$ cat work.txt   # compact mmCIF, C-alpha atoms
# COMPACT_ATOMS: atom_id res chain seq x y z
CA MET I 1479 118.71 -79.02 144.63
CA HIS I 1480 116.92 -78.15 147.87
CA VAL I 1481 119.60 -76.94 150.27
CA PRO I 1482 119.18 -78.42 153.78
CA ASP I 1483 120.01 -76.64 157.04
CA GLY I 1484 123.69 -76.29 157.83
CA PHE I 1485 125.19 -76.36 154.31
CA ILE I 1486 125.33 -72.60 153.84
CA SER I 1487 126.60 -69.97 156.26
CA GLY I 1488 124.19 -68.00 158.42
CA PRO I 1489 124.90 -64.59 156.88
CA ILE I 1490 124.32 -65.87 153.33
CA ASN I 1491 121.08 -67.60 154.33
CA LEU I 1492 119.97 -64.45 156.10
CA ALA I 1493 120.81 -62.20 153.15
CA CYS I 1494 119.01 -64.57 150.77
CA ALA I 1495 115.98 -64.67 153.07
CA ALA I 1496 115.82 -60.88 153.10
CA ILE I 1497 116.10 -60.68 149.30
CA ALA I 1498 113.53 -63.47 148.92
CA ILE I 1499 111.00 -61.67 151.14
CA GLY I 1500 111.59 -58.47 149.18
CA GLY I 1501 111.27 -60.34 145.90
CA ILE I 1502 107.98 -61.96 146.90
CA GLY I 1503 106.71 -58.52 147.93
CA VAL I 1504 107.68 -57.02 144.60
CA ALA I 1505 106.15 -59.94 142.67
CA LEU I 1506 102.88 -59.63 144.60
CA ALA I 1507 102.80 -55.89 143.94
CA ARG I 1508 103.60 -56.37 140.25
CA ILE I 1509 100.84 -58.86 139.54
CA ARG I 1510 98.21 -57.52 141.92
CA GLY I 1511 95.22 -56.70 139.81
CA SER I 1512 96.73 -58.09 136.63
CA LEU I 1513 95.74 -61.76 136.86
CA ALA I 1514 92.85 -62.50 134.54
CA GLU I 1515 89.95 -64.60 135.83
CA HIS I 1516 91.10 -67.76 134.03
CA GLN I 1517 94.61 -67.40 135.46
CA VAL I 1518 93.34 -67.84 139.03
CA PRO I 1519 92.80 -71.62 138.82
CA LEU I 1520 95.72 -71.84 136.38
CA LEU I 1521 98.13 -70.50 139.01
CA GLY I 1522 96.94 -73.11 141.51
CA MET I 1523 97.18 -75.87 138.91
CA THR I 1524 100.66 -74.81 137.84
CA ALA I 1525 101.82 -74.86 141.47
CA ALA I 1526 100.22 -78.27 141.98
CA PHE I 1527 101.93 -79.63 138.86
CA VAL I 1528 105.33 -78.24 139.86
CA PHE I 1529 104.97 -79.78 143.32
CA ALA I 1530 103.83 -83.17 142.01
CA ALA I 1531 106.46 -83.32 139.26
CA GLN I 1532 109.23 -82.33 141.68
CA MET I 1533 108.51 -85.54 143.62
CA LEU I 1534 109.42 -87.63 140.60
CA ASN I 1535 113.17 -88.07 140.73
CA PHE I 1536 114.58 -89.65 137.58
CA PRO I 1537 117.93 -91.43 137.58
CA VAL I 1538 120.87 -89.76 135.86
CA ALA I 1539 124.39 -91.16 135.51
CA GLY I 1540 126.24 -92.79 138.39
CA GLY I 1541 123.71 -93.43 141.14
CA THR I 1542 122.45 -89.86 141.10
CA SER I 1543 118.95 -88.61 140.46
CA GLY I 1544 117.42 -85.33 139.47
CA HIS I 1545 113.95 -83.92 139.32
CA PHE I 1546 111.93 -81.41 137.37
CA LEU I 1547 112.28 -77.82 138.56
CA GLY I 1548 109.40 -76.31 136.63
CA ALA I 1549 110.53 -72.68 136.72
CA THR I 1550 110.54 -72.32 132.93
CA PHE I 1551 107.22 -74.16 132.66
CA ALA I 1552 105.62 -71.75 135.15
CA LEU I 1553 107.26 -68.83 133.36
CA VAL I 1554 105.81 -69.80 129.98
CA LEU I 1555 102.34 -70.32 131.48
CA LEU I 1556 102.11 -67.35 133.83
CA GLY I 1557 104.94 -64.88 133.20
CA PRO I 1558 107.94 -64.22 135.44
CA TRP I 1559 106.29 -62.63 138.50
CA ALA I 1560 103.61 -65.27 138.95
CA ALA I 1561 106.16 -68.00 138.16
CA GLY I 1562 108.39 -66.73 140.97
CA LEU I 1563 105.43 -66.83 143.34
CA VAL I 1564 104.50 -70.37 142.23
CA LEU I 1565 108.03 -71.66 142.86
CA SER I 1566 108.22 -69.84 146.21
CA LEU I 1567 104.90 -71.31 147.29
CA VAL I 1568 106.00 -74.83 146.36
CA LEU I 1569 109.32 -74.38 148.19
CA ILE I 1570 107.59 -73.04 151.32
CA VAL I 1571 105.18 -76.00 151.45
CA GLN I 1572 108.00 -78.48 150.76
CA CYS I 1573 110.05 -76.96 153.58
CA LEU I 1574 107.34 -76.58 156.23
CA LEU I 1575 105.29 -79.69 155.54
CA PHE I 1576 107.84 -82.15 154.17
CA ALA I 1577 111.22 -81.04 155.57
CA ASP I 1578 112.47 -80.82 151.97
CA GLY I 1579 114.98 -77.98 152.10
CA GLY I 1580 116.02 -76.50 155.44
CA LEU I 1581 114.03 -73.76 157.13
CA THR I 1582 117.17 -71.64 157.55
CA ALA I 1583 117.90 -72.19 153.84
CA LEU I 1584 114.35 -71.46 152.65
CA GLY I 1585 115.23 -67.98 151.41
CA THR I 1586 118.34 -69.36 149.70
CA ASN I 1587 116.28 -72.03 147.95
CA ILE I 1588 113.75 -69.39 146.87
CA ILE I 1589 116.58 -67.26 145.44
CA ASN I 1590 118.16 -70.20 143.59
CA MET I 1591 115.08 -71.85 142.15
CA GLY I 1592 112.34 -69.22 142.33
CA VAL I 1593 114.29 -66.09 141.40
CA ILE I 1594 117.39 -67.13 139.41
CA GLY I 1595 115.64 -70.25 138.07
CA VAL I 1596 112.91 -68.00 136.62
CA ALA I 1597 114.89 -64.86 135.73
CA VAL I 1598 117.50 -66.64 133.60
CA PRO I 1599 115.03 -68.42 131.28
CA ALA I 1600 112.96 -65.21 131.11
CA VAL I 1601 115.95 -63.32 129.72
CA VAL I 1602 117.01 -66.22 127.49
CA LEU I 1603 113.51 -66.57 126.03
CA ALA I 1604 113.25 -62.83 125.38
CA LEU I 1605 116.63 -62.83 123.61
CA LEU I 1606 115.87 -65.93 121.53
CA ARG I 1607 112.43 -64.60 120.62
CA ALA I 1608 114.09 -61.48 119.23
CA VAL I 1609 116.43 -63.38 116.91
CA LEU I 1610 114.64 -66.62 116.01
CA PRO I 1611 111.76 -67.09 113.58
CA ARG I 1612 108.36 -67.47 115.20
CA SER I 1613 107.90 -71.08 114.20
CA ARG I 1614 106.68 -73.83 116.47
CA GLY I 1615 110.00 -75.66 116.28
CA ALA I 1616 112.04 -72.58 117.11
CA THR I 1617 109.76 -71.69 120.01
CA LEU I 1618 109.80 -75.14 121.57
CA THR I 1619 113.58 -75.36 121.07
CA SER I 1620 113.97 -71.98 122.77
CA ILE I 1621 111.89 -73.21 125.68
CA GLY I 1622 114.09 -76.29 125.92
CA VAL I 1623 117.30 -74.25 125.91
CA ALA I 1624 115.86 -71.79 128.44
CA SER I 1625 114.80 -74.57 130.82
CA TRP I 1626 118.23 -76.25 130.57
CA LEU I 1627 119.91 -72.93 131.43
CA SER I 1628 117.39 -72.36 134.24
CA VAL I 1629 118.55 -75.54 136.02
CA LEU I 1630 122.20 -74.78 135.30
CA ALA I 1631 121.93 -71.22 136.64
CA ALA I 1632 120.14 -72.36 139.81
CA SER I 1633 122.82 -74.99 140.44
CA ALA I 1634 125.59 -72.45 139.82
CA ALA I 1635 124.00 -70.07 142.33
CA CYS I 1636 123.82 -72.91 144.84
CA ALA I 1637 127.49 -73.77 144.21
CA LEU I 1638 128.55 -70.14 144.70
CA GLU I 1639 126.66 -69.93 147.98
CA LEU I 1640 128.39 -73.12 149.11
CA GLY I 1641 131.70 -71.63 147.99
CA PHE I 1642 131.13 -68.46 149.98
CA SER I 1643 130.25 -70.64 152.96
CA GLY I 1644 133.79 -72.00 153.08
CA HIS I 1645 133.52 -75.00 150.77
CA PRO I 1646 135.97 -75.38 147.86
CA ILE I 1647 134.29 -73.22 145.26
CA GLY I 1648 136.00 -74.49 142.10
CA PRO I 1649 135.39 -78.22 142.56
CA VAL I 1650 131.87 -77.67 143.93
CA LEU I 1651 130.93 -75.42 141.00
CA THR I 1652 132.35 -77.87 138.47
CA ALA I 1653 130.59 -80.82 140.07
CA MET I 1654 127.26 -79.01 140.42
CA LEU I 1655 127.34 -77.77 136.81
CA GLY I 1656 128.38 -81.22 135.58
CA VAL I 1657 125.55 -83.16 137.17
CA HIS I 1658 122.95 -80.46 136.50
CA ALA I 1659 123.91 -80.25 132.84
CA VAL I 1660 122.53 -83.80 132.65
CA ILE I 1661 119.53 -83.15 134.93
CA GLY I 1662 118.80 -80.07 132.80
CA ILE I 1663 118.31 -82.28 129.74
CA GLY I 1664 115.49 -84.00 131.62
CA GLU I 1665 114.14 -80.57 132.55
CA ALA I 1666 114.18 -79.49 128.91
CA LEU I 1667 112.45 -82.64 127.67
CA ILE I 1668 109.74 -82.48 130.36
CA THR I 1669 109.17 -78.75 129.87
CA ILE I 1670 108.83 -79.14 126.08
CA ALA I 1671 106.48 -82.10 126.53
CA VAL I 1672 104.22 -80.35 129.06
CA VAL I 1673 104.13 -77.03 127.19
CA SER I 1674 103.30 -78.92 123.97
CA SER I 1675 100.41 -80.71 125.69
CA VAL I 1676 99.00 -77.48 127.11
CA LEU I 1677 99.39 -75.92 123.66
CA ALA I 1678 97.49 -78.81 122.10
CA ALA I 1679 94.74 -78.87 124.72
CA ARG I 1680 94.25 -75.16 125.50
CA PRO I 1681 96.22 -72.89 123.16
CA GLU I 1682 94.35 -69.85 124.52
CA LEU I 1683 96.26 -70.24 127.79
CA LEU I 1684 99.47 -69.42 125.96
CA PRO I 1685 98.74 -66.26 123.98
CA ASP I 1686 102.41 -65.78 123.05
CA LEU I 1687 102.68 -69.27 121.65
CA ARG I 1688 99.25 -69.42 120.06
CA GLN I 1689 100.36 -66.80 117.62
CA VAL I 1690 103.23 -69.13 116.75
CA GLU I 1691 100.87 -72.02 116.27
CA ALA I 1692 98.72 -70.02 113.90
CA THR I 1693 101.58 -68.84 111.71
CA SER I 1694 103.47 -72.11 111.40
CA MET F 173 88.98 -71.76 132.43
CA ASN F 174 87.47 -74.79 130.84
CA ARG F 175 86.05 -77.26 133.34
CA THR F 176 87.36 -80.37 131.58
CA PHE F 177 90.88 -78.93 131.37
CA LEU F 178 90.76 -77.94 135.01
CA ILE F 179 89.60 -81.33 136.24
CA GLY F 180 91.93 -83.14 133.84
CA GLY F 181 94.91 -81.07 134.94
CA ILE F 182 94.25 -81.61 138.63
CA ALA F 183 93.75 -85.33 137.98
CA VAL F 184 97.13 -85.53 136.23
CA CYS F 185 98.81 -83.80 139.21
CA LEU F 186 97.14 -86.14 141.71
CA LEU F 187 98.06 -89.20 139.64
CA LEU F 188 101.71 -88.12 139.42
CA ALA F 189 101.95 -87.30 143.14
CA GLY F 190 99.82 -90.23 144.31
CA LEU F 191 100.63 -93.13 142.02
CA VAL F 192 103.89 -92.35 140.21
CA SER F 193 105.85 -90.83 143.12
CA PRO F 194 106.42 -94.19 144.91
CA PHE F 195 108.39 -95.25 141.83
CA ALA F 196 110.64 -92.17 141.78
CA SER F 197 114.37 -92.80 141.84
CA PRO F 198 115.65 -93.19 145.41
CA TYR F 199 119.18 -92.09 144.42
CA PRO F 200 120.55 -88.88 146.00
CA ASP F 201 119.87 -85.81 143.88
CA GLY F 202 122.52 -83.68 142.20
CA LEU F 203 123.23 -81.47 145.21
CA GLU F 204 123.23 -84.40 147.69
CA GLN F 205 125.62 -86.30 145.43
CA VAL F 206 127.99 -83.33 145.12
CA ALA F 207 127.82 -82.66 148.88
CA GLU F 208 128.68 -86.29 149.57
CA GLY F 209 131.57 -86.23 147.10
CA LYS F 210 133.03 -82.96 148.39
CA GLY F 211 132.57 -83.77 152.06
CA ILE F 212 129.98 -81.06 152.66
CA GLU F 213 128.08 -81.90 155.80
CA ALA F 214 125.38 -80.08 157.65
CA ALA F 215 127.10 -78.14 160.39
CA GLY F 216 125.22 -78.44 163.64
CA THR F 217 121.78 -79.87 164.06
CA PRO F 218 118.82 -79.11 161.87
CA THR F 219 116.90 -76.18 163.28
CA TRP F 220 113.56 -77.34 162.02
CA SER F 221 112.39 -80.84 162.82
CA ALA F 222 108.72 -80.07 163.19
CA SER F 223 107.73 -80.89 159.61
CA PRO F 224 104.76 -83.19 160.05
CA ILE F 225 105.46 -85.29 156.94
CA ALA F 226 109.24 -85.42 156.75
CA ASP F 227 110.66 -87.18 153.70
CA TYR F 228 107.28 -87.39 151.99
CA ALA F 229 106.06 -90.30 154.06
CA LEU F 230 102.72 -89.88 155.79
CA PRO F 231 103.33 -90.97 159.38
CA GLY F 232 101.48 -93.98 160.77
CA ILE F 233 101.39 -95.81 157.44
CA LYS F 234 103.58 -98.87 157.25
CA ARG F 235 103.58 -99.49 153.51
CA GLU F 236 106.23 -97.17 152.15
CA GLY F 237 104.69 -96.62 148.72
CA LEU F 238 101.29 -95.85 150.17
CA ALA F 239 102.78 -93.40 152.70
CA THR F 240 104.60 -91.60 149.88
CA GLY F 241 101.60 -91.54 147.56
CA LEU F 242 99.28 -90.18 150.26
CA ALA F 243 101.84 -87.55 151.25
CA GLY F 244 102.06 -86.57 147.58
CA ILE F 245 98.28 -86.24 147.23
CA LEU F 246 98.08 -84.20 150.41
CA GLY F 247 100.92 -81.90 149.33
CA THR F 248 99.41 -81.43 145.87
CA LEU F 249 96.06 -80.43 147.37
CA VAL F 250 97.73 -78.02 149.82
CA VAL F 251 99.74 -76.35 147.04
CA LEU F 252 96.73 -76.25 144.69
CA THR F 253 94.54 -74.63 147.34
CA ALA F 254 97.21 -72.18 148.46
CA GLY F 255 98.06 -71.16 144.88
CA TRP F 256 94.43 -70.81 143.85
CA GLY F 257 93.62 -68.88 147.02
CA LEU F 258 96.58 -66.55 146.61
CA ALA F 259 95.66 -65.90 142.98
CA ARG F 260 92.06 -65.14 143.99
CA LEU F 261 93.32 -62.52 146.42
CA ILE F 262 95.44 -60.73 143.84
CA ARG F 263 93.36 -61.21 140.69
CA ARG F 264 92.04 -58.44 138.52
CA ARG F 265 88.81 -57.20 140.10
CA PRO F 266 85.84 -57.15 137.77
CA VAL F 267 84.85 -53.49 137.43
$ encode --input "work.txt" --output "structure tokens"
Amino acid sequence: MHVPDGFISGPINLACAAIAIGGIGVALARIRGSLAEHQVPLLGMTAAFVFAAQMLNFPVAGGTSGHFLGATFALVLLGPWAAGLVLSLVLIVQCLLFADGGLTALGTNIINMGVIGVAVPAVVLALLRAVLPRSRGATLTSIGVASWLSVLAASAACALELGFSGHPIGPVLTAMLGVHAVIGIGEALITIAVVSSVLAARPELLPDLRQVEATS
Amino acid sequence: MNRTFLIGGIAVCLLLAGLVSPFASPYPDGLEQVAEGKGIEAAGTPTWSASPIADYALPGIKREGLATGLAGILGTLVVLTAGWGLARLIRRRPV
């Protein structure tokens, strides 16, 4: 869902870039001094995994492909602020080094995938945690639902930006939501699989979920 | 951070980016597909064409899969180093 140059109007790209820079500043300020020693390599590893997994497009219906976003995965591992930074870092490297996503649209891509893609599952997970039992099944299901909504929300944001750039908003939104509803299933399956493996290998990295593991 | 987990995790990332990425689906992604279907085209010329490894293919390497895999390994290492370095800068200082 990396927006290239020229899809979205200049003012929207500019506004998104400004918000993205502000957001990165806030995230840096929020987590400065709060990362524990073991989270230092973990942040690098999470970013590396998100980058690597984003290269792996999987086919979905009708000659279309999708790839892992990883926003919910990073969120579960590192919390929302660090997750936003991880996604931003990946998007910056993809843009500058690999021409994946336009330079003028970099801020827009950071807003879609690094801010909305993280904020939506963060809220969803908090809500579900409040109402669901703390069992392993409920937690992993919540993570799946949150990651599906993360992809859907990012694609909706992208569609709205396209709409405000003069493209037909209704059809674009419908089409974007339609295809990303399918891609999001892949996102959910991959996120559940990777979180489960981290939980099995190093439960202490996921203090929130370890509690779940112990009580179920 | 446990050494085995660290090395294992990095190895998984490098394997995915280096060996699995050449087999990724070449189909257009969701946004590209929608853009094609709705006639959304990039207005004007791209403003940034200086990316050294455009389209995840390391330049100067003829075999497509190898060029992709090497680009993936390089990108993974760049992101790993940048993320680790950034985290080091903002970590909790031991008192």
$ interface_residues --input "work.txt" --of "chain F" --to "chain I" --cutoff "6 Å" --atoms "all atoms listed in the file" --output "ChimeraX atom specification"
/F:173,185,188-189,193,196-197,199-203,214-215,218,223-228,248,251-252,255-256,259-260,262-264
$ closest_residue --input "work.txt" --among "I:Leu1606, I:Ala1539, I:Ile1594, I:Ala1496" --to "Leu1618 of chain I" --atoms "all atoms listed in the file"
I:Leu1606
$ residues_near_point --input "work.txt" --point "(113.2, -62.5, 129.0)" --cutoff "12 Å" --atoms "only C-alpha atoms" --output "number ranges by chain"
I: 1550, 1553-1554, 1557-1559, 1596-1608, 1620-1621, 1624, 1628
$ atom_distance --input "work.txt" --atom1 "atom CA of Ala1583 of chain I" --atom2 "atom CA of Gly1500 of chain I"
15.8 Å
$ atom_distance --input "work.txt" --atom1 "atom CA of Ile1490 of chain I" --atom2 "atom CA of Ala222 of chain F"
23.3 Å
$ atom_distance --input "work.txt" --atom1 "atom CA of Gly1595 of chain I" --atom2 "atom CA of Ser1625 of chain I"
8.5 Å
$ axis_aligned_box --input "work.txt" --around "segment 194-198 of chain F" --padding-each-side "4 Å" --output "JSON"
{"center_x": 111.0, "center_y": -93.7, "center_z": 143.6, "size_x": 17.2, "size_y": 11.1, "size_z": 11.6}
$ closest_residue --input "work.txt" --among "F:Arg265, F:Leu186, F:Glu213, F:Phe195" --to "Ala243 of chain F" --atoms "all atoms listed in the file"
F:Leu186
$ residues_around --input "work.txt" --residues "Gly241 of chain F" --least-positions-apart "5" --cutoff "8 Å" --atoms "all atoms listed in the file" --output "MDAnalysis selection string"
chainID F and resid 189:194 229
$ residues_near_point --input "work.txt" --point "(110.9, -69.8, 145.0)" --cutoff "6 Å" --atoms "all atoms listed in the file" --output "ChimeraX atom specification"
/I:1562,1565-1566,1569,1588,1591-1592
$ residues_around --input "work.txt" --residues "Ala1495 of chain I" --least-positions-apart "5" --cutoff "8 Å" --atoms "only C-alpha atoms" --output "MDAnalysis selection string"
chainID I and resid 1583:1586
